[in-house]
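Shown next: data-v5.txt, containing compact mmCIF, C-alpha atoms.
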# COMPACT_ATOMS: atom_id res chain seq x y z
CA MET H 131 18.15 -1.65 1.01
CA ALA H 132 19.43 -2.08 -2.53
CA THR H 133 21.46 0.85 -3.82
CA VAL H 134 21.04 1.48 -7.53
CA GLY H 135 23.69 4.14 -7.61
CA ARG H 136 23.76 7.66 -8.95
CA TRP H 137 21.16 8.18 -11.65
CA ARG H 138 22.46 8.71 -15.16
CA ARG H 139 20.44 10.29 -17.93
CA ARG H 140 19.75 7.78 -20.66
CA GLY H 141 18.87 8.37 -24.28
CA ALA H 142 15.98 6.83 -26.16
CA ALA H 143 15.56 3.08 -25.84
CA ASP H 144 16.70 2.43 -29.40
CA ASP H 145 20.08 4.14 -28.98
CA ALA H 146 20.86 3.37 -25.34
CA SER H 147 23.77 1.13 -24.56
CA ALA H 148 23.35 -1.66 -22.05
CA LEU H 149 23.44 -0.69 -18.37
CA ASP H 150 26.28 -1.85 -16.17
CA PRO H 151 25.73 -5.35 -14.72
CA GLU H 152 26.05 -3.87 -11.22
CA VAL H 153 23.18 -1.45 -11.89
CA LEU H 154 21.05 -4.20 -13.44
CA GLY H 155 21.66 -6.39 -10.38
CA ALA H 156 20.55 -3.53 -8.10
CA LEU H 157 17.43 -3.00 -10.22
CA ARG H 158 16.58 -6.69 -9.88
CA ALA H 159 16.87 -6.48 -6.09
CA THR H 160 14.73 -3.39 -5.48
CA HIS H 161 11.11 -2.35 -6.02
CA LEU H 162 10.49 -0.77 -9.42
CA LEU H 163 7.82 1.51 -10.80
CA LEU H 164 7.14 0.45 -14.39
CA VAL H 165 5.51 3.06 -16.63
CA PRO H 166 4.38 3.05 -20.26
CA THR H 167 6.55 4.90 -22.75
CA THR H 168 3.79 7.52 -23.08
CA ALA H 169 4.37 8.65 -19.47
CA SER H 170 7.21 11.16 -19.50
CA VAL H 171 9.52 11.92 -16.61
CA ASP H 172 7.72 15.27 -16.27
CA ASP H 173 4.42 13.40 -15.80
CA VAL H 174 5.94 11.24 -13.06
CA SER H 175 7.54 14.28 -11.44
CA ASP H 176 4.18 16.10 -11.37
CA LEU H 177 2.59 13.14 -9.60
CA LEU H 178 5.33 13.20 -6.98
CA ARG H 179 4.95 16.95 -6.39
CA ALA H 180 1.23 16.48 -5.73
CA ARG H 181 1.93 14.02 -2.92
CA VAL H 182 5.41 15.06 -1.74
CA PRO H 183 5.67 18.82 -2.40
CA LEU H 184 9.24 19.15 -1.08
CA ALA H 185 10.61 16.05 -2.77
CA GLY H 186 12.46 17.94 -5.51
CA ASP H 187 12.38 17.76 -9.30
CA LEU H 188 12.77 14.23 -10.62
CA ALA H 189 12.94 15.46 -14.22
CA LYS H 190 15.87 17.75 -13.39
CA ASP H 191 17.79 15.80 -10.74
CA GLY H 192 16.99 12.19 -11.59
CA GLU H 193 16.30 11.38 -7.96
CA VAL H 194 13.97 12.63 -5.25
CA ALA H 195 13.70 11.94 -1.54
CA LEU H 196 10.40 10.31 -0.53
CA GLY H 197 11.20 9.98 3.15
CA ARG H 198 14.00 10.03 5.64
CA HIS H 199 15.55 6.83 4.30
CA SER H 200 13.98 6.41 0.86
CA ARG H 201 14.36 7.89 -2.60
CA LEU H 202 13.17 7.31 -6.13
CA THR H 203 15.67 7.38 -9.01
CA GLY H 204 15.22 7.24 -12.75
CA PRO H 205 14.10 6.92 -15.40
CA TYR H 206 16.09 3.89 -16.50
CA ILE H 207 15.35 3.04 -20.12
CA LEU H 208 15.98 -0.64 -20.72
CA SER H 209 16.84 -2.57 -23.80
CA MET H 210 15.33 -6.04 -24.11
CA GLU H 211 18.56 -7.52 -22.72
CA ASP H 212 18.54 -5.01 -19.84
CA ALA H 213 14.94 -5.91 -18.98
CA VAL H 214 15.73 -9.63 -18.81
CA ALA H 215 18.81 -9.02 -16.65
CA ALA H 216 16.86 -6.70 -14.29
CA GLY H 217 13.93 -9.09 -13.96
CA VAL H 218 11.51 -6.68 -15.62
CA PRO H 219 8.73 -8.40 -17.57
CA LEU H 220 8.01 -7.29 -21.09
CA PRO H 221 6.70 -5.02 -22.49
CA TRP H 222 7.94 -2.63 -19.77
CA THR H 223 11.12 -0.75 -20.69
CA VAL H 224 10.93 2.47 -18.64
CA VAL H 225 11.44 2.01 -14.90
CA TYR H 226 12.07 4.00 -11.72
CA ALA H 227 13.86 2.43 -8.77
CA LEU H 228 12.72 2.77 -5.15
CA GLU H 229 15.50 2.67 -2.61
CA ALA H 230 13.93 2.12 0.82
CA PRO H 231 14.65 0.08 3.96
CA VAL H 232 13.03 -3.35 4.09
CA GLU H 233 10.45 -3.13 6.89
CA ARG H 234 7.95 -5.98 7.27
CA GLU H 235 5.28 -6.80 9.80
CA ASP H 236 3.39 -10.06 10.35
CA PRO H 237 2.19 -12.14 7.39
CA PRO H 238 -1.38 -11.48 6.22
CA LEU H 239 -4.07 -13.72 7.58
CA ALA H 240 -5.09 -16.64 5.39
CA GLY H 241 -7.67 -15.59 2.84
CA VAL H 242 -7.15 -11.87 3.40
CA ASP H 243 -7.26 -9.77 0.22
CA ASP H 244 -6.56 -6.11 -0.46
CA ARG H 245 -7.11 -3.82 -3.41
CA ASP H 246 -3.40 -3.15 -4.03
CA GLY H 247 -2.42 -6.82 -3.94
CA PHE H 248 0.10 -6.54 -1.10
CA ALA H 249 -1.32 -9.57 0.74
CA HIS H 250 -0.85 -11.56 -2.46
CA SER H 251 2.64 -10.24 -3.18
CA PHE H 252 4.01 -10.36 0.39
CA PRO H 253 2.80 -13.61 1.97
CA GLY H 254 5.80 -13.73 4.30
CA GLY H 255 5.18 -10.32 5.89
CA LEU H 256 3.46 -7.12 4.76
CA PRO H 257 5.58 -4.00 4.14
CA TRP H 258 4.96 -1.25 6.65
CA ARG H 259 6.35 2.07 7.92
CA GLU H 260 8.56 3.75 5.30
CA GLU H 261 8.65 0.79 2.92
CA GLY H 262 4.87 0.40 3.14
CA ARG H 263 4.21 4.13 2.62
CA THR H 264 6.51 4.46 -0.38
CA LEU H 265 5.28 1.24 -1.99
CA GLY H 266 1.72 2.49 -1.57
CA LEU H 267 2.73 5.70 -3.34
CA LEU H 268 4.28 3.73 -6.22
CA VAL H 269 1.13 1.62 -6.63
CA ALA H 270 -1.00 4.78 -6.68
CA MET H 271 1.27 6.31 -9.34
CA ALA H 272 1.09 3.10 -11.38
CA ARG H 273 -2.70 3.18 -11.16
CA ARG H 274 -2.74 6.77 -12.46
CA VAL H 275 -0.46 6.23 -15.49
CA GLY H 276 -1.53 2.68 -16.34
CA GLY H 277 1.73 1.17 -15.12
CA ALA H 278 2.78 -1.50 -12.64
CA VAL H 279 5.06 -2.14 -9.67
CA ARG H 280 7.63 -4.94 -9.81
CA ILE H 281 8.32 -6.26 -6.32
CA GLY H 282 11.99 -6.83 -5.61
CA GLY H 283 14.15 -7.91 -2.73
CA PRO H 284 13.51 -10.58 -0.10
CA GLY H 285 10.14 -11.73 1.19
CA GLY H 286 8.18 -11.34 -2.02
CA GLY H 287 5.65 -13.90 -3.15
CA PRO H 288 5.52 -15.74 -6.46
CA ASP H 289 3.45 -12.93 -7.99
CA ARG H 290 5.97 -10.09 -8.03
CA LEU H 291 4.04 -7.80 -10.38
CA VAL H 292 1.37 -5.48 -8.97
CA GLN H 293 -0.66 -4.06 -11.84
CA PRO H 294 -3.46 -1.91 -10.34
CA ASP H 295 -6.69 -1.29 -12.21
CA PRO H 296 -6.62 2.34 -13.46
CA HIS H 297 -10.43 2.51 -13.28
CA ARG H 298 -10.51 1.62 -9.58
CA ALA H 299 -10.00 5.23 -8.45
CA VAL H 300 -13.62 6.44 -8.64
CA ASP H 301 -13.63 9.18 -5.99
CA HIS H 302 -12.46 12.77 -6.38
CA VAL H 303 -11.49 15.58 -4.02
CA VAL H 304 -11.87 19.33 -4.61
CA HIS H 305 -9.92 21.90 -2.58
CA SER H 306 -11.09 25.51 -2.69
CA PRO H 307 -10.60 28.81 -0.83
CA PHE H 308 -14.39 29.34 -0.99
CA TRP H 309 -17.09 27.98 1.33
CA VAL H 310 -20.36 27.14 -0.43
CA GLU H 311 -23.46 27.26 1.75
CA PRO H 312 -25.31 23.94 2.14
CA GLY H 313 -28.44 25.04 0.26
CA THR H 314 -26.40 26.36 -2.65
CA LEU H 315 -24.34 23.19 -2.98
CA LEU H 316 -27.48 21.09 -2.76
CA GLY H 317 -28.81 22.95 -5.80
CA VAL H 318 -25.54 22.34 -7.66
CA VAL H 319 -25.59 18.60 -6.99
CA THR H 320 -29.34 18.26 -7.63
CA ARG H 321 -28.84 19.44 -11.22
CA GLU H 322 -26.71 16.34 -11.78
CA VAL H 323 -28.52 13.87 -9.49
CA PRO H 324 -32.15 14.83 -8.71
CA THR H 325 -32.28 12.50 -5.68
CA ALA H 326 -29.75 14.62 -3.75
CA ARG H 327 -30.60 15.69 -0.21
CA LEU H 328 -28.84 17.66 2.49
CA ALA H 329 -27.27 15.91 5.47
CA ALA H 330 -26.13 18.51 7.97
CA GLU H 331 -27.17 17.11 11.31
CA GLY H 332 -25.16 18.53 14.18
CA GLU H 333 -25.04 18.34 17.96
CA THR H 334 -27.05 20.72 20.12
CA TRP H 335 -24.80 22.63 22.51
CA GLN H 336 -25.94 22.15 26.10
CA GLY H 337 -23.83 24.94 27.50
CA PRO H 338 -20.56 24.75 29.45
CA ALA H 339 -19.52 21.56 31.14
CA GLU H 340 -20.30 21.13 34.84
CA SER H 341 -16.63 21.62 35.65
CA ALA H 342 -16.94 25.25 34.50
CA TYR H 343 -19.34 25.93 37.36
CA THR H 344 -17.54 23.94 40.06
CA GLY H 345 -14.27 25.75 39.42
CA ALA H 346 -12.35 22.56 38.66
CA LEU H 347 -11.04 24.00 35.39
CA ILE H 348 -9.28 26.93 37.12
CA LEU H 349 -8.52 25.39 40.48
CA SER H 350 -4.84 24.89 39.67
CA ASP H 351 -4.48 28.55 38.69
CA LEU H 352 -6.30 29.93 41.71
CA ALA H 353 -4.13 27.90 44.08
CA THR H 354 -1.38 30.53 43.89
CA GLU H 355 -3.58 33.65 43.55
CA VAL H 356 -5.39 35.82 46.05
CA VAL H 357 -9.14 35.25 45.58
CA ASP H 358 -10.97 38.51 44.97
CA PRO H 359 -14.72 38.02 45.68
CA THR H 360 -15.69 41.10 43.66
CA GLY H 361 -13.59 40.05 40.69
CA THR H 362 -14.94 36.50 40.87
CA LEU H 363 -18.53 37.73 40.70
CA ALA H 364 -17.70 39.95 37.73
CA ARG H 365 -16.07 37.09 35.87
CA HIS H 366 -19.08 34.85 36.46
CA ALA H 367 -21.43 37.59 35.24
CA ASN H 368 -19.36 38.10 32.11
CA SER H 369 -19.22 34.35 31.44
CA GLY H 370 -22.97 34.09 31.80
CA GLN H 371 -23.44 36.85 29.22
CA VAL H 372 -21.11 35.09 26.78
CA ASP H 373 -23.04 31.83 27.26
CA LYS H 374 -26.36 33.57 26.54
CA GLN H 375 -24.98 35.08 23.35
CA ALA H 376 -23.63 31.72 22.19
CA LEU H 377 -26.90 29.95 22.90
CA GLY H 378 -28.94 32.62 21.12
CA ALA H 379 -26.73 32.84 18.02
CA PRO H 380 -27.48 30.85 14.83
CA ASP H 381 -26.02 27.37 14.79
CA PRO H 382 -22.55 27.47 13.17
CA VAL H 383 -21.99 25.06 10.28
CA ASP H 384 -18.39 23.99 9.74
CA ALA H 385 -19.10 20.67 8.01
CA TYR H 386 -21.98 19.05 6.16
CA ALA H 387 -22.75 16.52 3.46
CA VAL H 388 -24.93 16.20 0.38
CA ILE H 389 -26.04 12.65 -0.37
CA ALA H 390 -27.59 11.47 -3.64
CA PRO H 391 -28.86 7.86 -3.73
CA LEU H 392 -28.19 5.98 -6.98
CA GLY H 393 -30.21 3.27 -8.69
CA PRO H 394 -33.67 1.98 -7.77
CA GLY H 395 -34.10 2.38 -4.03
CA GLY H 396 -30.44 3.35 -3.67
CA HIS H 397 -29.42 -0.15 -4.76
CA HIS H 398 -26.17 1.19 -6.23
CA GLY H 399 -25.24 3.19 -3.14
CA ALA H 400 -24.96 6.97 -3.28
CA VAL H 401 -22.76 9.84 -4.34
CA GLU H 402 -21.73 11.68 -1.20
CA VAL H 403 -20.19 15.17 -1.12
CA LEU H 404 -18.46 15.70 2.24
CA VAL H 405 -17.66 19.35 3.00
CA HIS H 406 -15.26 20.32 5.77
CA VAL H 407 -12.26 22.47 6.62
CA ALA H 408 -9.19 21.05 4.92
CA ASP H 409 -6.23 19.47 6.65
CA ALA H 410 -3.57 22.09 7.32
CA ASP H 411 -0.83 20.02 5.67
CA GLU H 412 -2.74 19.01 2.52
CA PRO H 413 0.09 18.47 -0.03
CA ALA H 414 -2.05 18.98 -3.17
CA ALA H 415 -2.70 22.63 -2.20
CA HIS H 416 0.87 23.36 -1.10
CA HIS H 417 1.69 25.39 -4.22
CA GLU H 418 -1.56 27.42 -4.26
CA ASP H 419 -1.43 31.03 -3.05
CA TRP H 420 -4.32 30.24 -0.68
CA GLY H 421 -2.87 26.90 0.45
CA SER H 422 -1.26 28.37 3.59
CA ARG H 423 -4.60 29.75 4.83
CA PRO H 424 -7.67 27.81 5.99
CA PHE H 425 -9.55 26.45 2.99
CA VAL H 426 -12.35 24.00 2.26
CA THR H 427 -12.30 20.41 1.02
CA TYR H 428 -15.18 18.89 -0.94
CA GLU H 429 -14.87 15.10 -1.08
CA VAL H 430 -16.96 13.53 -3.85
CA ARG H 431 -17.23 9.88 -2.87
CA TRP H 432 -19.08 6.80 -4.01
CA LEU H 433 -20.77 5.46 -0.90
CA CYS H 434 -21.13 1.78 -1.80
CA SER H 435 -23.80 -0.61 -0.71
CA GLU H 436 -22.51 -3.34 1.62
CA PRO H 437 -21.79 -6.00 -1.06
CA ASP H 438 -20.08 -3.43 -3.29
CA ALA H 439 -17.98 -2.12 -0.39
CA PHE H 440 -16.62 -5.64 0.13
CA GLU H 441 -15.84 -6.14 -3.56
CA ARG H 442 -14.28 -2.69 -3.83
CA GLU H 443 -11.44 -3.74 -1.54
CA ARG H 444 -10.71 -7.02 -3.30
CA ARG H 445 -7.73 -7.38 -5.62
CA VAL H 446 -9.97 -8.81 -8.34
CA PRO H 447 -13.61 -7.67 -7.90
CA ASP H 448 -16.42 -9.70 -9.40
CA GLU H 449 -18.14 -8.79 -12.67
CA ARG H 450 -21.32 -7.57 -10.99
CA TYR H 451 -19.36 -4.97 -9.03
CA LEU H 452 -17.46 -3.88 -12.14
CA ALA H 453 -20.76 -3.36 -13.96
CA VAL H 454 -22.12 -1.20 -11.11
CA ARG H 455 -18.88 0.79 -10.97
CA SER H 456 -19.03 1.51 -14.70
CA ARG H 457 -22.49 3.04 -14.22
CA VAL H 458 -21.58 5.00 -11.09
CA ALA H 459 -18.21 6.46 -12.19
CA PRO H 460 -19.66 8.89 -14.79
CA VAL H 461 -22.09 10.22 -12.18
CA VAL H 462 -19.24 10.87 -9.74
CA VAL H 463 -17.36 12.69 -12.51
CA ALA H 464 -20.42 14.83 -13.34
CA VAL H 465 -20.90 15.83 -9.70
CA THR H 466 -17.18 16.58 -9.32
CA ARG H 467 -17.25 18.77 -12.41
CA ALA H 468 -20.22 20.71 -11.03
CA VAL H 469 -18.58 21.14 -7.62
CA VAL H 470 -15.24 22.34 -8.99
CA GLU H 471 -16.97 24.86 -11.26
CA ALA H 472 -19.04 26.16 -8.33
CA THR H 473 -16.03 26.50 -6.02
CA SER H 474 -13.23 27.54 -8.43
CA GLY H 475 -11.05 24.94 -6.76
CA ILE H 476 -8.43 22.39 -7.73
CA VAL H 477 -9.35 18.73 -8.14
CA THR H 478 -7.46 15.53 -7.39
CA ASP H 479 -8.26 11.86 -7.77
CA GLU H 480 -8.75 9.72 -4.66
CA ASP H 481 -4.99 9.09 -4.49
CA GLY H 482 -4.26 12.82 -4.21
CA PHE H 483 -2.92 13.39 -7.75
CA TRP H 484 -3.95 16.53 -9.62
CA LEU H 485 -6.53 16.37 -12.40
CA ASP H 486 -7.25 18.92 -15.09
CA ARG H 487 -10.65 20.34 -14.16
CA TYR H 488 -11.47 20.76 -17.85
CA ARG H 489 -10.70 17.13 -18.73
CA LEU H 490 -12.66 15.26 -16.10
For this file, write the structure as structure tokens.
Amino acid sequence: MATVGRWRRRGAADDASALDPEVLGALRATHLLLVPTTASVDDVSDLLRARVPLAGDLAKDGEVALGRHSRLTGPYILSMEDAVAAGVPLPWTVVYALEAPVEREDPPLAGVDDRDGFAHSFPGGLPWREEGRTLGLLVAMARRVGGAVRIGGPGGGPDRLVQPDPHRAVDHVVHSPFWVEPGTLLGVVTREVPTARLAAEGETWQGPAESAYTGALILSDLATEVVDPTGTLARHANSGQVDKQALGAPDPVDAYAVIAPLGPGGHHGAVEVLVHVADADEPAAHHEDWGSRPFVTYEVRWLCSEPDAFERERRVPDERYLAVRSRVAPVVVAVTRAVVEATSGIVTDEDGFWLDRYRL
């Protein structure tokens, strides 16, 4: 793991003196997040807080912990001479350094491709565990701000610059403290895509498992207790009453989907809104006053057709896919806008970074 050293606040690029050769050598050896000059350190810090709520304040401290053995430091503002010495391609001059252990698995299979370009950039062995997680975070951040990731250290391929397509992130996620009934949400989505339909198929409950009647579930407990025939009969009678009430009650709905086919005959796939109880540790809702209680997640996804799904995961998709994506993306945005207004929630992109609900 390359150690860049304690972060030092730098002035603007036009009045910054050259960095120490030792620091430049460390920057050359480690992975770097390259951002445009329009992306401030506060912007980068906000992205980190959305994914790593307890990481700290990059804008204040100049470094944040991303994991047990990894941290991000910066920004380092480079002169042209600094950039050449650090192995940073022009026109990038604002960089953040990832300090993480080098952890690699087996090389990718021949011909394998991936949307983030790791198979192309790490032919000798793909990064995994902490290095893989933090590099994935850097690529997602670069995608959001229109930046890039410069691969450093050993094991990198000839293409050491990962420059993700900022338009690739089509999907959105809405988190809300409010549950919207299936019929109501269907009406919301139908206003944007008239082909929408409800998909809420569930499983019919067949009653308790056979082991509940044989006593196998409580056999270990009864082994050390005195069996009371009268009490046993009462418990069975009470259980039977509970079963009858459960079978006679309305079917509970704790997850459902609204699906809206796109294009003639659904040729362009569909917009799918998946509704379910949120993960308890969802980082994007960590700072909300309702984030510590059960809340609801509405995933607005583009469900691709089979050829598009294949192209979607390629590093360089073909032109046909890009044309379909350009037509689908505004529809996904329109549905997301309708969902977030109906739920009074917060919205993130598919990488988990916050979005302004009024600027979708």
- Query: Which residue out of H:Gly204, H:Pro219, H:Gly370, H:Pro324 has the minimum interatomic distance to Ala390 of chain H when all atoms listed in the file are used?
  - Reply: H:Pro324
Tell me which protein, DNA and RNA residues are within 8 Å of segment 226-239 of chain H, counting only C-alpha atoms, leaving out same-chain ones fewer than 2 positions away, and put them as a PDB file with C-alpha atoms, in the coordinates of the input.
ATOM      1  CA  MET H 131      18.150  -1.650   1.010  1.00  0.00           C
ATOM      2  CA  ALA H 132      19.430  -2.080  -2.530  1.00  0.00           C
ATOM      3  CA  THR H 133      21.460   0.850  -3.820  1.00  0.00           C
ATOM      4  CA  VAL H 134      21.040   1.480  -7.530  1.00  0.00           C
ATOM      5  CA  LEU H 157      17.430  -3.000 -10.220  1.00  0.00           C
ATOM      6  CA  THR H 160      14.730  -3.390  -5.480  1.00  0.00           C
ATOM      7  CA  HIS H 161      11.110  -2.350  -6.020  1.00  0.00           C
ATOM      8  CA  LEU H 162      10.490  -0.770  -9.420  1.00  0.00           C
ATOM      9  CA  LEU H 163       7.820   1.510 -10.800  1.00  0.00           C
ATOM     10  CA  LEU H 164       7.140   0.450 -14.390  1.00  0.00           C
ATOM     11  CA  HIS H 199      15.550   6.830   4.300  1.00  0.00           C
ATOM     12  CA  SER H 200      13.980   6.410   0.860  1.00  0.00           C
ATOM     13  CA  ARG H 201      14.360   7.890  -2.600  1.00  0.00           C
ATOM     14  CA  LEU H 202      13.170   7.310  -6.130  1.00  0.00           C
ATOM     15  CA  THR H 203      15.670   7.380  -9.010  1.00  0.00           C
ATOM     16  CA  GLY H 204      15.220   7.240 -12.750  1.00  0.00           C
ATOM     17  CA  PRO H 205      14.100   6.920 -15.400  1.00  0.00           C
ATOM     18  CA  TYR H 206      16.090   3.890 -16.500  1.00  0.00           C
ATOM     19  CA  VAL H 224      10.930   2.470 -18.640  1.00  0.00           C
ATOM     20  CA  GLY H 241      -7.670 -15.590   2.840  1.00  0.00           C
ATOM     21  CA  VAL H 242      -7.150 -11.870   3.400  1.00  0.00           C
ATOM     22  CA  ALA H 249      -1.320  -9.570   0.740  1.00  0.00           C
ATOM     23  CA  PHE H 252       4.010 -10.360   0.390  1.00  0.00           C
ATOM     24  CA  PRO H 253       2.800 -13.610   1.970  1.00  0.00           C
ATOM     25  CA  GLY H 254       5.800 -13.730   4.300  1.00  0.00           C
ATOM     26  CA  GLY H 255       5.180 -10.320   5.890  1.00  0.00           C
ATOM     27  CA  LEU H 256       3.460  -7.120   4.760  1.00  0.00           C
ATOM     28  CA  PRO H 257       5.580  -4.000   4.140  1.00  0.00           C
ATOM     29  CA  TRP H 258       4.960  -1.250   6.650  1.00  0.00           C
ATOM     30  CA  ARG H 259       6.350   2.070   7.920  1.00  0.00           C
ATOM     31  CA  GLU H 260       8.560   3.750   5.300  1.00  0.00           C
ATOM     32  CA  GLU H 261       8.650   0.790   2.920  1.00  0.00           C
ATOM     33  CA  GLY H 262       4.870   0.400   3.140  1.00  0.00           C
ATOM     34  CA  THR H 264       6.510   4.460  -0.380  1.00  0.00           C
TER      35      THR H 264
END
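Among the candidate residues H:Asp409, H:Asp301, H:Glu436, H:Glu193, the one lying nearest to Ala464 of chain H is H:Asp301, with distances computed using only C-alpha atoms.
Interatomic distance, atom CA of Pro151 of chain H to atom CA of Arg198 of chain H: 28.1 Å.
Here atom CA of Ser209 of chain H is placed at a distance of 26.2 Å from atom CA of Leu267 of chain H.
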Taking all atoms of segment 146-161 of chain H that the file lists, what box with edges along x, y and z, padded by 8 Å per side, do you get, with centre and edge lengths in Å to one decimal, as JSON?
{"center_x": 18.7, "center_y": -1.7, "center_z": -15.4, "size_x": 31.2, "size_y": 26.1, "size_z": 35.9}
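Using all atoms listed in the file, the smallest distance between any of H:Ser422, H:Thr314, H:Thr473, H:Ser251 and Gln293 of chain H comes from H:Ser251.
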- Which is closer to Gly399 of chain H than all the others in H:Val225, H:Ile476, H:Val303, H:Cys434, using all atoms listed in the file?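 Closest candidate: H:Cys434.
Neighbourhood of point (-28.7, 21.1, -4.6): residues with an atom at most 12 Å away, counting only C-alpha atoms, are Val310, Glu311, Pro312, Gly313, Thr314, Leu315, Leu316, Gly317, Val318, Val319, Thr320, Arg321, Glu322, Val323, Pro324, Thr325, Ala326, Arg327, Leu328, Ala329, Ala387, Val388, Ile389, Ala390, Val403, Val465, Ala468, Val469 and Ala472 of chain H.
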- Enter the distance from atom CA of Arg273 of chain H to atom CA of Val182 of chain H, in Å, rounded to one decimal. 17.2 Å
- Message: So, with all atoms listed in the file as the atoms that count, which of H:Ala339, H:Tyr428, H:Pro413, H:Arg245 lies closest to Pro447 of chain H?
- Response: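 Under the stated criterion, the closest residue is H:Arg245.
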- Could you tell me which of H:Asp448, H:Glu418, H:Asp191, H:Asp212 comes closest to Gly155 of chain H if we count all atoms listed in the file?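 That would be H:Asp212, the residue with the smallest distance to Gly155 of chain H.
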- Can you find the residues with an atom no farther than 8 Å from (-14.1, 13.0, -18.7), counting only C-alpha atoms, and report them as a PyMOL selection string? chain H and resi 460+463+489-490
- All residues 12 Å or closer to Asp411 of chain H, only C-alpha atoms, same chain fewer than 5 positions away omitted, as a PyMOL selection string: chain H and resi 181-183+416-417+421-425
How would the residues just chosen look if you wrote them out with C-alpha atoms as a compact mmCIF listing (two decimals), keeping the file's coordinate frame?
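File selection_2.txt, as written:
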# COMPACT_ATOMS: atom_id res chain seq x y z
CA ARG H 181 1.93 14.02 -2.92
CA VAL H 182 5.41 15.06 -1.74
CA PRO H 183 5.67 18.82 -2.40
CA HIS H 416 0.87 23.36 -1.10
CA HIS H 417 1.69 25.39 -4.22
CA GLY H 421 -2.87 26.90 0.45
CA SER H 422 -1.26 28.37 3.59
CA ARG H 423 -4.60 29.75 4.83
CA PRO H 424 -7.67 27.81 5.99
CA PHE H 425 -9.55 26.45 2.99
